[in-house]
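One structure is given here, and the rest of the page talks about it.
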Amino acid sequence: QAFSLFVKAKEVPAASRCPGGGEGVRWRCCWQAFEELPGIHRHVALHHSGDIGRQGGLGAGPAEAGDSPEGGPGPAGSAARPSGHSCSSPEISWALPDISRVSQDDLTSQVGEVLLYYCYCDVRDPEKLCAWQKALCQHLHLTGKVRVASEGINGTVGGSKVATSLYIKVMLSQPLFKNILCQEDFKSSAGGAHCFPDLRVGVFKEIVPMGIDPKIVSYKETGIHLSPQEFHREVEQYLSQATQGQSDTILLDCRNFYESKIGHFQGCLAPDIRKFSYFPSYVDENLELFKDKRVLMYCTGGIRCERGSAYLRSKAVCREVYQLKGGIHKYLEEFPDGFYRGKLFVFDDRYAICSNEDIISACRYCGVLWDQYKLCSSQHCRQLVLTCPSCCNKGLTACCPVCQEKALNVTSRASGQTLKEECECTRRRPRVPIEHVSPRMLDKGK
């Protein structure tokens, strides 16, 4: 009887049946359509038996509109939530946007944008949030990377402007993010689904890999957030004082060396680290550098500063710790010709986006000004390398001489026989550099 109540409540009226669906009634649940009664019975028995036991039959009450891909009002657009979602995690809505009135061309257009966002919040069931997020991105034909953890969500997704607009709308309506995530938290740049090879959504321990348990260093202990306007004024004052030898401030770049290499704020301290997970060790090894200093931190979109500033504050050596809200992305929207010079590195197939005409890096081989990254041609390495067109035409396409030689050897091997090892330039780079910076150099903003 419980099964019958559940099934009858999910019947699709004849007018809503899909073309070619025949005369049989269809039922929808968990984004699936069932034409036969035994099929929906089996599905309910496997995935919703606990829900029926707790609620006396899901058919007794209306399902939330919009749970199915069709997303319309009433029974035709309703669907039962997957096993236990409404009970164990009531804060997670399984709604998907209605795209029935959106043309396929508009939804899959190559002309679009890339969204960058994050939201720190307590997530009781990351797996369920991950499943919904994957279904949402697939529903909107978005590609990219989304990390989900008990501490929140971090995403970079690309698609048509219609798709990204719908994505933002649904994210803002998600009860889990209510009063936390807002429109301005989404950073956008020209691009689309083609900027990523595929869609990757997963559950991780951290939404940004710093390598420190979120329970030990929490985003809740972050530094003081500064708006782009406030940060701009602080940097202006810092540079002015630095030229007079009076600065007690450090302008700290929290990104990796290959990011800051092609673009950074004037007068910044950019650690020569390869991964953000090295940042805590960098702080530990250079604590004296930060003693009694005011620290202005920044990163691409703001997320690394959340945990990075919390870690720095936990050491109790700085006088004050501030961070740029929204990161370089938001700063460049306000000040495209401000104190940030060069390109902004992004983690997709574009590698960099431009806000000004400055080129602050050089070709690895000839030294000519150049800031367009390519992957190292040696298949065993695949690191990023700055090599200008002239050097590329000469066959100089690897990140170092050792890789260049191995690239030739690999090319001469049988197909599929490639090496996987660390290249010379990585092996020689100190994992955690010790800064030998005199107060005088910092005062001059170098």
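Letters for chains follow the order of the structure tokens (A, B, ...), residue numbers begin at 1 for each chain, and ligand numbers begin at 1 in the order shown.
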Next on the checklist: Just want the 8 Å neighbourhood of region 322-330 of chain A, counted on only C-alpha atoms, with same-chain residues fewer than 6 positions away dropped. Output as a list in words.
Outcome noted: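 The neighbour list is Asp185, Lys187, Gly223, Ile224, His225, Leu226, Ser227, Pro228, Phe231, Arg294, Val295, Leu296, Met297, Tyr298, Cys299, Thr300, Gly301, Gly302, Ile303, Cys305, Glu306, Ser309 and Leu344 of chain A.
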Next on the checklist: For region 114-119 of chain A, find every residue with an atom within 8 Å (counting only C-alpha atoms), except residues of its own chain fewer than 6 positions away, and show them as a PyMOL selection string.
Outcome noted: chain A and resi 152-159+164+177+180-181+185-193+195+301+303
Preceding selection exported with C-alpha atoms as a compact mmCIF listing (two decimals), in the first residue's frame:
```txt
# COMPACT_ATOMS: atom_id res chain seq x y z
CA GLY A 152 32.15 23.76 2.15
CA ILE A 153 32.44 23.83 -1.63
CA ASN A 154 34.93 25.21 -4.14
CA GLY A 155 34.20 25.30 -7.86
CA THR A 156 35.46 26.43 -11.23
CA VAL A 157 32.94 25.67 -13.98
CA GLY A 158 32.55 26.73 -17.58
CA GLY A 159 29.61 26.84 -19.94
CA THR A 164 26.18 29.78 -15.84
CA PHE A 177 24.27 28.36 1.26
CA ILE A 180 26.40 32.85 3.16
CA LEU A 181 26.82 32.79 -0.61
CA ASP A 185 30.98 35.69 -4.63
CA PHE A 186 30.94 34.41 -8.22
CA LYS A 187 33.92 35.63 -10.24
CA SER A 188 33.52 35.36 -14.01
CA SER A 189 35.76 35.61 -17.06
CA ALA A 190 35.33 35.00 -20.77
CA GLY A 191 35.47 31.32 -21.67
CA GLY A 192 33.11 28.37 -21.71
CA ALA A 193 32.82 24.61 -21.39
CA CYS A 195 38.13 25.57 -21.21
CA GLY A 301 39.87 34.20 -5.89
CA ILE A 303 39.94 30.89 -1.05
```
Checklist entry - What is the CA of Gly395 (chain A)-CA of Cys366 (chain A) distance in Å, reported with one decimal? => result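 Separation of CA of Gly395 (chain A) and CA of Cys366 (chain A): 12.8 Å.
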Next on the checklist: Among region 111-197 of chain A, which residues does DSSP mark as strand (DSSP E or B) when it is run on the backbone? Keep the chain and numbering as in the structure and answer as a PyMOL selection string.
Outcome noted: chain A and resi 112-120+143-149+152-160+187-191
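One finds CA of Phe204 (chain A) at 10.0 Å from CA of Cys130 (chain A).
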